[in-house]
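Engineer: This one is target-v7.cif, mmCIF, C-alpha atoms and all ligand atoms.
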data_my_file
#
loop_
_atom_site.label_atom_id
_atom_site.label_comp_id
_atom_site.auth_asym_id
_atom_site.auth_seq_id
_atom_site.Cartn_x
_atom_site.Cartn_y
_atom_site.Cartn_z
CA MET A 1 -59.66 21.48 2.04
CA MET A 2 -62.20 18.90 3.09
CA SER A 3 -62.42 17.41 -0.40
CA ASP A 4 -58.67 16.53 -0.28
CA MET A 5 -59.05 14.42 2.79
CA ARG A 6 -59.13 10.74 2.21
CA PRO A 7 -61.72 8.62 3.96
CA PHE A 8 -60.35 6.65 6.90
CA LYS A 9 -59.10 3.23 5.93
CA ARG A 10 -61.39 0.54 7.18
CA LEU A 11 -60.17 -0.59 10.59
CA PRO A 12 -58.84 -4.17 10.71
CA THR A 13 -61.23 -6.67 12.18
CA MET A 14 -60.32 -8.72 15.25
CA LYS A 15 -59.97 -11.74 12.94
CA THR A 16 -57.27 -10.16 10.73
CA LEU A 17 -55.46 -8.80 13.79
CA ALA A 18 -55.36 -12.28 15.33
CA ALA A 19 -54.06 -13.79 12.07
CA ALA A 20 -51.29 -11.17 11.86
CA PHE A 21 -50.32 -11.85 15.47
CA LEU A 22 -50.09 -15.59 14.81
CA LEU A 23 -47.79 -14.92 11.82
CA LEU A 24 -45.53 -12.79 13.99
CA ILE A 25 -45.11 -15.40 16.69
CA ALA A 26 -44.59 -18.15 14.09
CA SER A 27 -41.38 -16.54 12.84
CA PRO A 28 -38.27 -16.66 15.07
CA SER A 29 -38.28 -12.91 15.50
CA PHE A 30 -40.01 -9.86 14.11
CA ALA A 31 -37.06 -9.07 11.81
CA GLN A 32 -37.19 -10.20 8.21
CA VAL A 33 -35.32 -13.47 7.76
CA LEU A 34 -33.57 -14.01 4.44
CA ALA A 35 -33.24 -17.58 3.22
CA ILE A 36 -30.57 -18.26 0.61
CA ARG A 37 -30.91 -21.47 -1.40
CA ALA A 38 -27.28 -22.12 -2.36
CA GLY A 39 -26.38 -24.61 -5.09
CA THR A 40 -22.90 -25.12 -3.64
CA VAL A 41 -21.30 -23.57 -0.55
CA VAL A 42 -17.50 -23.42 -0.66
CA ASP A 43 -15.57 -23.60 2.61
CA PRO A 44 -12.18 -21.99 1.95
CA ALA A 45 -10.78 -22.95 5.37
CA ARG A 46 -11.09 -26.64 4.44
CA GLY A 47 -10.91 -26.32 0.64
CA SER A 48 -14.17 -28.29 0.45
CA SER A 49 -17.67 -27.63 -0.82
CA ALA A 50 -21.20 -28.84 -0.02
CA LYS A 51 -24.19 -29.01 -2.33
CA ASP A 52 -27.77 -27.81 -1.80
CA GLN A 53 -27.38 -25.72 1.33
CA VAL A 54 -29.73 -23.25 2.95
CA ILE A 55 -28.35 -20.14 4.65
CA LEU A 56 -30.66 -18.18 6.94
CA VAL A 57 -29.68 -14.56 7.54
CA GLU A 58 -31.09 -12.32 10.24
CA HIS A 59 -29.89 -9.03 11.77
CA GLY A 60 -26.95 -9.08 9.33
CA LYS A 61 -25.66 -12.40 10.63
CA ILE A 62 -25.78 -16.05 9.56
CA LEU A 63 -28.47 -17.64 11.72
CA ARG A 64 -28.28 -21.18 10.32
CA ILE A 65 -26.41 -22.90 7.51
CA GLY A 66 -26.72 -26.50 6.36
CA PRO A 67 -28.43 -28.99 4.07
CA LYS A 68 -31.61 -29.53 6.10
CA VAL A 69 -32.30 -26.07 7.44
CA GLU A 70 -36.01 -25.38 7.52
CA ILE A 71 -37.06 -22.10 5.92
CA PRO A 72 -39.35 -20.24 8.32
CA PRO A 73 -42.68 -19.04 6.92
CA GLY A 74 -42.51 -15.44 5.78
CA ALA A 75 -38.78 -15.57 5.03
CA GLU A 76 -37.67 -13.81 1.86
CA ILE A 77 -36.09 -16.42 -0.39
CA ILE A 78 -32.99 -15.66 -2.46
CA ASP A 79 -32.48 -18.27 -5.14
CA LEU A 80 -28.79 -19.00 -5.72
CA SER A 81 -29.43 -22.67 -6.46
CA LYS A 82 -27.35 -22.51 -9.63
CA GLU A 83 -24.47 -20.64 -7.99
CA TRP A 84 -21.33 -21.26 -5.93
CA VAL A 85 -21.36 -19.29 -2.67
CA THR A 86 -18.18 -18.28 -0.81
CA PRO A 87 -17.37 -15.86 2.00
CA GLY A 88 -16.89 -12.26 0.85
CA LEU A 89 -13.38 -11.53 -0.39
CA ILE A 90 -10.74 -9.63 1.58
CA ASP A 91 -7.85 -7.58 0.21
CA ALA A 92 -5.30 -7.09 3.00
CA HIS A 93 -3.24 -4.40 1.25
CA THR A 94 -5.10 -1.60 -0.49
CA HIS A 95 -4.65 2.11 -1.10
CA MET A 96 -8.16 3.12 -2.10
CA THR A 97 -7.51 6.87 -2.02
CA LEU A 98 -4.42 6.71 -4.19
CA THR A 99 -3.81 6.63 -7.93
CA GLU A 100 -0.20 6.79 -8.96
CA LEU A 101 0.78 8.65 -12.08
CA GLU A 102 1.98 6.62 -15.03
CA GLY A 103 5.59 6.06 -15.99
CA ASN A 104 8.44 7.09 -13.75
CA ALA A 105 6.78 10.18 -12.30
CA PRO A 106 8.16 11.21 -8.89
CA PHE A 107 6.39 9.17 -6.21
CA GLU A 108 5.19 12.33 -4.47
CA SER A 109 3.24 13.51 -7.53
CA PHE A 110 -0.01 11.87 -6.49
CA TYR A 111 -0.27 13.66 -3.19
CA LEU A 112 1.03 17.10 -4.04
CA ASN A 113 -1.93 18.25 -6.10
CA GLN A 114 -4.91 16.50 -4.47
CA SER A 115 -6.74 17.54 -1.34
CA SER A 116 -7.64 15.13 1.44
CA THR A 117 -11.30 15.64 0.50
CA LEU A 118 -10.74 14.55 -3.09
CA ARG A 119 -8.69 11.60 -1.87
CA GLY A 120 -11.49 10.60 0.49
CA LEU A 121 -14.05 10.78 -2.32
CA ARG A 122 -11.82 8.63 -4.51
CA GLY A 123 -11.47 6.19 -1.61
CA MET A 124 -15.25 5.91 -1.22
CA HIS A 125 -15.72 5.51 -4.99
CA ASN A 126 -13.16 2.70 -5.18
CA ALA A 127 -14.44 1.04 -1.99
CA GLN A 128 -17.96 0.86 -3.43
CA LEU A 129 -16.72 -0.44 -6.80
CA VAL A 130 -14.75 -3.26 -5.20
CA LEU A 131 -17.62 -4.15 -2.84
CA ASN A 132 -19.88 -4.50 -5.87
CA GLN A 133 -17.48 -7.07 -7.31
CA GLY A 134 -17.12 -9.11 -4.14
CA PHE A 135 -14.55 -7.52 -1.81
CA THR A 136 -16.46 -7.12 1.44
CA THR A 137 -13.45 -6.24 3.65
CA LEU A 138 -10.37 -4.11 2.94
CA ARG A 139 -7.26 -3.39 4.93
CA ASP A 140 -6.12 0.01 3.69
CA VAL A 141 -2.47 0.56 4.58
CA GLY A 142 -1.81 4.25 4.29
CA ASN A 143 -1.04 6.87 1.68
CA SER A 144 -4.46 8.33 2.37
CA ALA A 145 -3.56 12.00 2.83
CA GLU A 146 -4.74 13.50 6.13
CA TYR A 147 -6.51 10.34 7.45
CA ALA A 148 -8.95 10.44 4.50
CA MET A 149 -9.54 6.69 4.58
CA SER A 150 -10.36 6.83 8.29
CA ASP A 151 -13.18 9.19 7.34
CA VAL A 152 -14.34 6.87 4.56
CA ARG A 153 -14.56 4.15 7.22
CA ARG A 154 -16.49 6.43 9.57
CA ALA A 155 -18.96 7.41 6.83
CA ILE A 156 -19.61 3.75 5.96
CA ASP A 157 -19.90 2.75 9.63
CA ALA A 158 -22.40 5.58 10.16
CA GLY A 159 -24.58 4.06 7.43
CA TRP A 160 -24.31 7.09 5.12
CA PHE A 161 -22.89 4.90 2.34
CA LEU A 162 -22.95 1.20 1.62
CA GLY A 163 -19.34 0.00 1.58
CA PRO A 164 -16.99 -2.75 2.65
CA THR A 165 -15.66 -3.16 6.18
CA ILE A 166 -12.53 -1.03 6.28
CA ILE A 167 -9.56 -1.43 8.57
CA ASP A 168 -7.19 1.44 7.97
CA SER A 169 -3.70 2.25 9.17
CA GLY A 170 -3.81 6.03 9.40
CA LYS A 171 -0.48 7.51 8.31
CA ILE A 172 2.47 5.34 7.36
CA ILE A 173 5.24 5.38 9.99
CA ALA A 174 8.77 5.49 8.56
CA PRO A 175 12.32 6.59 9.32
CA PHE A 176 12.96 10.24 8.38
CA GLY A 177 11.89 10.94 4.81
CA GLY A 178 8.96 8.54 4.44
CA GLN A 179 9.18 7.08 0.95
CA SER A 180 10.72 10.25 -0.47
CA ARG A 181 14.33 10.59 -1.48
CA ASP A 182 16.55 13.46 -2.62
CA ILE A 183 14.09 16.22 -1.74
CA PRO A 184 16.07 19.48 -1.30
CA PRO A 185 16.10 20.74 2.34
CA ARG A 186 14.54 24.00 1.15
CA GLN A 187 11.30 22.14 0.33
CA GLY A 188 10.80 21.05 3.91
CA ALA A 189 9.47 17.70 5.06
CA PHE A 190 6.33 17.84 2.93
CA TRP A 191 6.09 14.02 2.89
CA ARG A 192 4.54 14.41 6.33
CA PHE A 193 1.28 14.97 4.42
CA GLU A 194 1.34 11.19 4.07
CA TYR A 195 3.85 9.87 6.61
CA ILE A 196 4.93 10.21 10.21
CA ASP A 197 8.71 10.50 10.60
CA ALA A 198 9.68 8.36 13.56
CA ASP A 199 13.27 7.62 14.53
CA GLY A 200 14.19 5.66 17.64
CA PRO A 201 11.86 3.48 19.73
CA GLU A 202 10.28 6.41 21.60
CA GLU A 203 9.31 8.27 18.43
CA VAL A 204 7.95 5.04 16.99
CA ARG A 205 5.82 4.55 20.12
CA LYS A 206 4.46 8.07 19.82
CA ALA A 207 3.65 7.61 16.12
CA VAL A 208 1.83 4.35 16.84
CA ARG A 209 -0.19 6.04 19.59
CA THR A 210 -1.01 8.95 17.26
CA ASN A 211 -2.46 6.61 14.65
CA ILE A 212 -4.40 4.60 17.21
CA TYR A 213 -5.80 7.86 18.56
CA TYR A 214 -7.12 8.68 15.08
CA GLY A 215 -8.76 5.25 14.74
CA ALA A 216 -6.16 3.00 13.08
CA GLY A 217 -7.01 -0.71 13.07
CA VAL A 218 -3.53 -1.69 11.88
CA ILE A 219 -0.10 -0.10 12.17
CA LYS A 220 1.88 0.23 8.95
CA LEU A 221 5.63 0.76 8.96
CA VAL A 222 7.79 1.32 5.91
CA ALA A 223 11.13 -0.23 6.77
CA ASP A 224 13.55 0.00 3.89
CA ASN A 225 12.86 2.65 1.30
CA ASN A 226 16.00 4.52 2.29
CA PRO A 227 19.63 3.49 2.82
CA TYR A 228 18.87 3.37 6.56
CA HIS A 229 16.24 1.16 8.08
CA TYR A 230 14.47 0.22 11.29
CA SER A 231 16.31 -1.68 14.03
CA ILE A 232 14.94 -4.61 16.02
CA ASP A 233 14.29 -2.24 18.94
CA GLU A 234 12.30 0.17 16.78
CA PHE A 235 10.16 -2.68 15.43
CA ARG A 236 9.72 -4.06 18.95
CA ALA A 237 8.46 -0.68 20.17
CA ALA A 238 5.83 -0.66 17.40
CA VAL A 239 4.78 -4.26 18.09
CA ASP A 240 4.57 -3.64 21.84
CA GLU A 241 2.40 -0.52 21.52
CA ALA A 242 0.15 -1.91 18.78
CA HIS A 243 -0.42 -5.30 20.42
CA ARG A 244 -1.23 -3.62 23.72
CA ALA A 245 -4.09 -1.91 21.84
CA GLY A 246 -5.06 -5.22 20.18
CA ILE A 247 -4.03 -4.34 16.64
CA PRO A 248 -1.48 -5.90 14.29
CA VAL A 249 1.68 -4.46 12.72
CA ALA A 250 2.23 -4.63 8.95
CA VAL A 251 5.70 -3.87 7.61
CA HIS A 252 6.54 -2.77 4.09
CA VAL A 253 9.97 -4.35 3.55
CA TYR A 254 11.76 -5.89 0.59
CA SER A 255 15.01 -7.49 1.70
CA GLY A 256 18.10 -7.97 3.84
CA ASP A 257 18.72 -6.68 7.36
CA ALA A 258 15.46 -4.76 7.63
CA LEU A 259 13.58 -7.95 6.80
CA ASP A 260 15.59 -9.92 9.38
CA ASN A 261 14.85 -7.26 12.01
CA ALA A 262 11.11 -7.24 11.30
CA ILE A 263 10.91 -11.04 11.51
CA GLU A 264 12.98 -11.10 14.71
CA ALA A 265 10.80 -8.45 16.37
CA GLY A 266 7.64 -10.51 15.66
CA VAL A 267 5.64 -8.18 13.46
CA ASP A 268 2.35 -9.64 12.20
CA SER A 269 2.85 -9.43 8.46
CA ILE A 270 5.59 -8.82 5.95
CA GLU A 271 4.20 -6.73 3.09
CA HIS A 272 5.89 -7.26 -0.32
CA GLY A 273 8.99 -9.20 0.84
CA PHE A 274 10.15 -9.47 -2.77
CA ASP A 275 13.66 -10.67 -1.85
CA LEU A 276 12.69 -13.09 0.94
CA THR A 277 15.18 -15.96 1.13
CA ASP A 278 14.14 -19.51 1.93
CA ALA A 279 15.76 -19.13 5.37
CA GLN A 280 13.72 -15.99 6.09
CA LEU A 281 10.53 -17.66 4.85
CA GLY A 282 11.33 -20.58 7.17
CA ARG A 283 11.61 -18.23 10.15
CA MET A 284 8.33 -16.54 9.21
CA LYS A 285 6.66 -19.93 9.08
CA ALA A 286 8.06 -20.91 12.48
CA LYS A 287 6.62 -17.72 13.99
CA GLY A 288 3.25 -18.06 12.23
CA MET A 289 3.89 -14.72 10.52
CA PHE A 290 1.88 -13.76 7.45
CA LEU A 291 3.20 -12.81 4.03
CA VAL A 292 1.09 -10.26 2.16
CA GLY A 293 3.02 -10.54 -1.07
CA THR A 294 1.34 -7.84 -3.24
CA ASP A 295 2.23 -9.97 -6.24
CA PHE A 296 2.05 -7.41 -9.05
CA PRO A 297 1.17 -8.58 -12.56
CA ARG A 298 3.72 -7.53 -15.16
CA LYS A 299 1.23 -5.36 -17.08
CA HIS A 300 0.60 -3.28 -13.94
CA LEU A 301 4.32 -2.88 -13.30
CA ASP A 302 4.78 -1.68 -16.88
CA ILE A 303 2.35 1.17 -16.17
CA VAL A 304 3.80 2.28 -12.85
CA GLY A 305 7.44 1.72 -13.86
CA THR A 306 9.80 1.90 -10.89
CA SER A 307 7.27 4.09 -9.07
CA GLY A 308 9.79 6.92 -9.01
CA GLY A 309 12.67 4.68 -7.90
CA ILE A 310 10.85 2.75 -5.16
CA LEU A 311 10.56 -0.50 -7.14
CA PRO A 312 13.10 -2.46 -9.23
CA GLU A 313 12.62 -2.43 -13.00
CA PRO A 314 9.51 -4.41 -14.11
CA ALA A 315 11.61 -6.90 -16.11
CA VAL A 316 13.53 -7.73 -12.91
CA LEU A 317 10.69 -7.58 -10.42
CA ALA A 318 7.97 -9.57 -12.23
CA PRO A 319 9.83 -12.93 -12.38
CA LYS A 320 11.18 -12.38 -8.87
CA ILE A 321 7.63 -12.05 -7.52
CA ILE A 322 6.51 -15.31 -9.11
CA ASP A 323 9.57 -17.14 -7.78
CA ARG A 324 9.10 -15.77 -4.23
CA LEU A 325 5.40 -16.66 -4.25
CA ARG A 326 6.17 -20.21 -5.41
CA ARG A 327 8.80 -20.64 -2.66
CA ALA A 328 6.58 -19.14 0.06
CA HIS A 329 3.79 -21.53 -0.88
CA ARG A 330 6.12 -24.54 -1.01
CA ILE A 331 7.62 -23.70 2.40
CA GLY A 332 4.13 -23.28 3.83
CA VAL A 333 4.18 -19.66 5.02
CA ARG A 334 0.72 -18.37 5.89
CA MET A 335 -0.37 -15.97 3.16
CA ALA A 336 -3.10 -13.35 2.94
CA PHE A 337 -4.08 -11.88 -0.42
CA GLY A 338 -3.05 -8.24 -0.80
CA SER A 339 -2.95 -6.46 -4.11
CA ASP A 340 -1.47 -3.00 -3.48
CA THR A 341 -3.35 -1.81 -6.58
CA VAL A 342 -2.42 1.84 -7.08
CA ILE A 343 -3.20 2.47 -10.72
CA ASP A 344 -6.25 3.18 -12.83
CA MET A 345 -6.85 1.73 -16.28
CA PRO A 346 -9.48 3.10 -18.64
CA GLY A 347 -12.66 1.04 -18.69
CA ARG A 348 -11.61 -1.18 -15.79
CA THR A 349 -12.59 -0.93 -12.13
CA ARG A 350 -10.13 -1.29 -9.30
CA ALA A 351 -11.61 -4.73 -8.57
CA ASP A 352 -10.91 -5.80 -12.18
CA LEU A 353 -7.29 -4.87 -11.49
CA MET A 354 -7.27 -6.73 -8.16
CA PHE A 355 -8.44 -9.88 -9.97
CA ASP A 356 -5.45 -9.55 -12.36
CA TYR A 357 -3.28 -10.80 -9.45
CA LEU A 358 -4.97 -14.21 -9.64
CA ALA A 359 -2.97 -14.98 -12.79
CA VAL A 360 0.29 -14.41 -10.89
CA TRP A 361 -0.77 -16.82 -8.12
CA ARG A 362 -1.73 -19.39 -10.75
CA GLU A 363 1.59 -18.99 -12.52
CA ALA A 364 3.37 -19.60 -9.20
CA GLY A 365 1.53 -22.91 -8.96
CA VAL A 366 -0.75 -22.05 -6.03
CA PRO A 367 -3.94 -24.16 -6.23
CA PRO A 368 -7.31 -22.35 -6.37
CA ALA A 369 -8.32 -23.60 -2.89
CA ASP A 370 -5.21 -22.01 -1.34
CA ILE A 371 -5.74 -18.75 -3.25
CA LEU A 372 -9.34 -18.55 -2.04
CA LYS A 373 -8.22 -19.30 1.52
CA ALA A 374 -5.69 -16.44 1.31
CA MET A 375 -8.53 -14.15 0.14
CA THR A 376 -10.94 -15.08 2.94
CA PHE A 377 -10.11 -17.19 6.01
CA ASN A 378 -6.39 -16.36 6.25
CA ALA A 379 -6.87 -12.66 5.62
CA ALA A 380 -9.61 -12.51 8.28
CA GLU A 381 -7.20 -14.03 10.77
CA LEU A 382 -4.46 -11.51 9.93
CA LEU A 383 -6.96 -8.65 10.22
CA ARG A 384 -8.17 -10.11 13.54
CA VAL A 385 -11.76 -10.20 12.30
CA ASP A 386 -11.98 -14.01 12.02
CA LYS A 387 -14.52 -14.18 14.86
CA GLU A 388 -16.79 -11.95 12.73
CA ARG A 389 -15.96 -12.58 9.06
CA GLY A 390 -14.02 -14.64 6.54
CA SER A 391 -16.04 -17.88 6.91
CA LEU A 392 -19.65 -18.91 6.43
CA ARG A 393 -20.56 -20.10 9.91
CA GLU A 394 -23.49 -19.57 12.23
CA GLY A 395 -23.11 -16.37 14.22
CA LEU A 396 -20.72 -14.69 11.76
CA SER A 397 -21.60 -11.66 9.67
CA ALA A 398 -23.42 -12.42 6.45
CA ASP A 399 -20.66 -11.26 4.10
CA LEU A 400 -20.99 -13.56 1.13
CA VAL A 401 -20.68 -13.67 -2.63
CA ALA A 402 -21.89 -16.00 -5.36
CA MET A 403 -20.95 -16.81 -8.93
CA PRO A 404 -22.27 -19.13 -11.64
CA ALA A 405 -19.09 -21.29 -11.80
CA ASP A 406 -16.84 -23.16 -9.36
CA PRO A 407 -13.90 -21.05 -8.06
CA LEU A 408 -12.16 -24.23 -6.83
CA SER A 409 -11.89 -25.52 -10.41
CA ASP A 410 -10.77 -22.15 -11.82
CA ILE A 411 -10.00 -19.25 -9.50
CA GLU A 412 -10.63 -16.81 -12.37
CA ASN A 413 -14.33 -17.58 -11.87
CA LEU A 414 -14.21 -14.99 -9.07
CA ARG A 415 -14.44 -12.44 -11.88
CA LYS A 416 -17.97 -13.74 -12.52
CA ILE A 417 -19.27 -12.82 -9.06
CA ASP A 418 -22.85 -11.65 -9.66
CA PHE A 419 -24.26 -11.68 -6.12
CA VAL A 420 -22.86 -9.76 -3.16
CA MET A 421 -24.25 -9.59 0.36
CA LYS A 422 -22.64 -7.30 2.96
CA ASP A 423 -23.67 -7.66 6.61
CA GLY A 424 -26.93 -9.23 5.44
CA LYS A 425 -27.73 -6.49 2.89
CA VAL A 426 -28.00 -7.45 -0.77
CA VAL A 427 -25.55 -5.23 -2.65
CA ARG A 428 -25.89 -6.98 -5.97
CA LYS A 429 -28.05 -9.71 -7.52
CA PRO A 430 -27.69 -11.67 -10.75
CA SER A 431 -29.35 -9.70 -13.53
CA GLY A 432 -32.83 -11.02 -14.31
CA SER A 433 -33.32 -12.42 -10.79
CA ARG A 434 -35.97 -11.07 -8.51
ZN ZN B 1 1.35 -0.57 -0.49
#
Before we go any further, please render this structure as structure tokens.
Ligand SMILES: [Zn+2]
Structural biologist:
Amino acid sequence: MMSDMRPFKRLPTMKTLAAAFLLLIASPSFAQVLAIRAGTVVDPARGSSAKDQVILVEHGKILRIGPKVEIPPGAEIIDLSKEWVTPGLIDAHTHMTLTELEGNAPFESFYLNQSSTLRGLRGMHNAQLVLNQGFTTLRDVGNSAEYAMSDVRRAIDAGWFLGPTIIDSGKIIAPFGGQSRDIPPRQGAFWRFEYIDADGPEEVRKAVRTNIYYGAGVIKLVADNNPYHYSIDEFRAAVDEAHRAGIPVAVHVYSGDALDNAIEAGVDSIEHGFDLTDAQLGRMKAKGMFLVGTDFPRKHLDIVGTSGGILPEPAVLAPKIIDRLRRAHRIGVRMAFGSDTVIDMPGRTRADLMFDYLAVWREAGVPPADILKAMTFNAAELLRVDKERGSLREGLSADLVAMPADPLSDIENLRKIDFVMKDGKVVRKPSGSR
């Protein structure tokens, strides 16, 4: 009806058009520039910090950073002048789609009664929770049903959901049996819901190619959960295939021969490595190999027990982890933070649980600067994303977090993260701020 029609808005005059045009050409580009006033910027690569910095963000990337950066007119200003700003955190060993059952339940329990869809939804839920608390990149190393985490990554990359950068492994590759033991033959090889059985170098090659085909950004092998384990040649086949495709190899391994073989074959990271000797740590250091120690806090181990026989008893494992972490740090092995959090606790998010690992690193005598480096710069290097993330430098993605206290004086201050930016998007702001 005519009466519903609004009158035309008055057309802009030539004068206002000219003014708008001048504003547009005055700014470096037509995109909105964000200007962060940072009280202190922490550089984990150097273990140093700088006061009163300005960070300009445009198109999701850091355009400028420094003390005398001019804020262009029209930029949206984010006031973090009372905060400490660090690169977004990275966890190099997650299982976002998995929650293990409590006590000594059979390890298979968690995947026998949950669909890949439910696992994917859990993965997205956890990924968003941990992003909100500061983890802007995750390396998810398997146990994600039928490539459920690969789909979580695709959904985030498509922009359907806000989430962290995810690098996932696809299915875990292992000698026959995956991480199952003593399953009667009658049941069949049902662990293949979660694992690819691969025995001999050619089967390992095929498994690596299968995962790469489905989008894996890292290859994960489980080396020693059975009385038999991978040979040097089997590891070499995995390394050869993965490196040819430009992606690293992560190996779940605890001890002994399997550990020697993985180090000799030149894999990229040892995951867990609970029984690493000083000699083995020395060889890892010489090769520039990473340790992703998954240094479980005792209270988490008490919930998961032996994980159905996969782990030693908590009373044995907990002190061993602290001792191995202390030795690895003393010897100077490169370390990337990886939590391997696989439990839920009422009233606590998965990120709360990931921060529980900080106490273990402190107890092992690792200084806050080295812990923060393992959670940012080092992890980015292991994940091969260091040209994009893990540092606050011009040209890198604007993945950054802030907190109202100095993480270099107490690493537990990471729990106070109240500002999160992911690829230039504000995920979270301090309450009460504009
Ligand atoms: Zn794990």
Engineer: Counting only C-alpha atoms and all ligand atoms, which of A:Asn113, A:Asn225, A:Ser231, A:Asn143 gets nearest to ligand ZN 1 (chain B)?
Structural biologist: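 Among the listed residues, the smallest separation from ligand ZN 1 (chain B) belongs to A:Asn143.
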Engineer: Neighbourhood query: residues within 7 Å of (-11.8, -26.3, -0.6), file coordinates, counting all atoms listed in the file; return as a compact mmCIF listing (two decimals) with C-alpha atoms, in the coordinates of the input.
Structural biologist:
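Final output, saved to out-v7.txt:
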# COMPACT_ATOMS: atom_id res chain seq x y z
CA VAL A 42 -17.50 -23.42 -0.66
CA ASP A 43 -15.57 -23.60 2.61
CA PRO A 44 -12.18 -21.99 1.95
CA ALA A 45 -10.78 -22.95 5.37
CA ARG A 46 -11.09 -26.64 4.44
CA GLY A 47 -10.91 -26.32 0.64
CA SER A 48 -14.17 -28.29 0.45
CA SER A 49 -17.67 -27.63 -0.82
CA ALA A 369 -8.32 -23.60 -2.89
CA LEU A 408 -12.16 -24.23 -6.83
Engineer: Which protein, DNA or RNA residues have an atom within 8 Å of ligand ZN 1 (chain B), counting all atoms listed in the file, as an mmCIF file with C-alpha atoms, in the coordinates of the input?
Structural biologist:
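Contents of the output file out.cif:
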data_model
loop_
_atom_site.group_PDB
_atom_site.id
_atom_site.type_symbol
_atom_site.label_atom_id
_atom_site.label_comp_id
_atom_site.auth_asym_id
_atom_site.auth_seq_id
_atom_site.Cartn_x
_atom_site.Cartn_y
_atom_site.Cartn_z
ATOM 1 C CA HIS A 93 -3.240 -4.400 1.250
ATOM 2 C CA THR A 94 -5.100 -1.600 -0.490
ATOM 3 C CA HIS A 95 -4.650 2.110 -1.100
ATOM 4 C CA VAL A 141 -2.470 0.560 4.580
ATOM 5 C CA GLY A 142 -1.810 4.250 4.290
ATOM 6 C CA HIS A 252 6.540 -2.770 4.090
ATOM 7 C CA GLU A 271 4.200 -6.730 3.090
ATOM 8 C CA THR A 294 1.340 -7.840 -3.240
ATOM 9 C CA ASP A 340 -1.470 -3.000 -3.480
ATOM 10 C CA THR A 341 -3.350 -1.810 -6.580
ATOM 11 C CA VAL A 342 -2.420 1.840 -7.080
#
Engineer: Using only C-alpha atoms, find the one residue out of A:Gly273, A:Pro164, A:Gly246, A:Gly308 that sits nearest to A:Gln179.
Structural biologist: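 Selected residue with least distance to A:Gln179: A:Gly308.
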Engineer: Mind checking which residues fall within 12 Å of A:Phe161, counting all atoms listed in the file, ignoring those fewer than 2 positions away in the same chain, and posting them as a list of chain:residue names?
Structural biologist: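 The residues satisfying every condition are A:Leu121, A:Met124, A:His125, A:Ala127, A:Gln128, A:Leu131, A:Asp151, A:Val152, A:Arg153, A:Arg154, A:Ala155, A:Ile156, A:Asp157, A:Ala158, A:Gly159, A:Gly163, A:Pro164, A:Thr165, A:Val427.
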Engineer: Which residues are close to A:Lys299, i.e. within 10 Å by all atoms listed in the file, leaving aside same-chain residues fewer than 3 positions away? Reply as number ranges by chain.
Structural biologist: A: 296, 302-305, 314, 318, 356
Engineer: One decimal, in Å: what's the spacing between atom CA of A:Gly39 and atom CA of A:Lys82?
Structural biologist: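 Pair atom CA of A:Gly39 / atom CA of A:Lys82 returns 5.1 Å.
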Engineer: Any idea what the distance is between atom CA of A:Pro430 and atom CA of A:Met375?
Structural biologist: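 Taking atom CA of A:Pro430 and atom CA of A:Met375, their separation equals 22.2 Å.
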Engineer: Residues at most 6 Å from A:Pro87, counting only C-alpha atoms, excluding those fewer than 5 positions away in the same chain, as a CSV table (one decimal) with C-alpha atoms, keeping the file's coordinate frame?
Structural biologist:
chain,number,residue,atom,x,y,z
A,390,GLY,CA,-14.0,-14.6,6.5
A,391,SER,CA,-16.0,-17.9,6.9
A,392,LEU,CA,-19.6,-18.9,6.4
A,400,LEU,CA,-21.0,-13.6,1.1
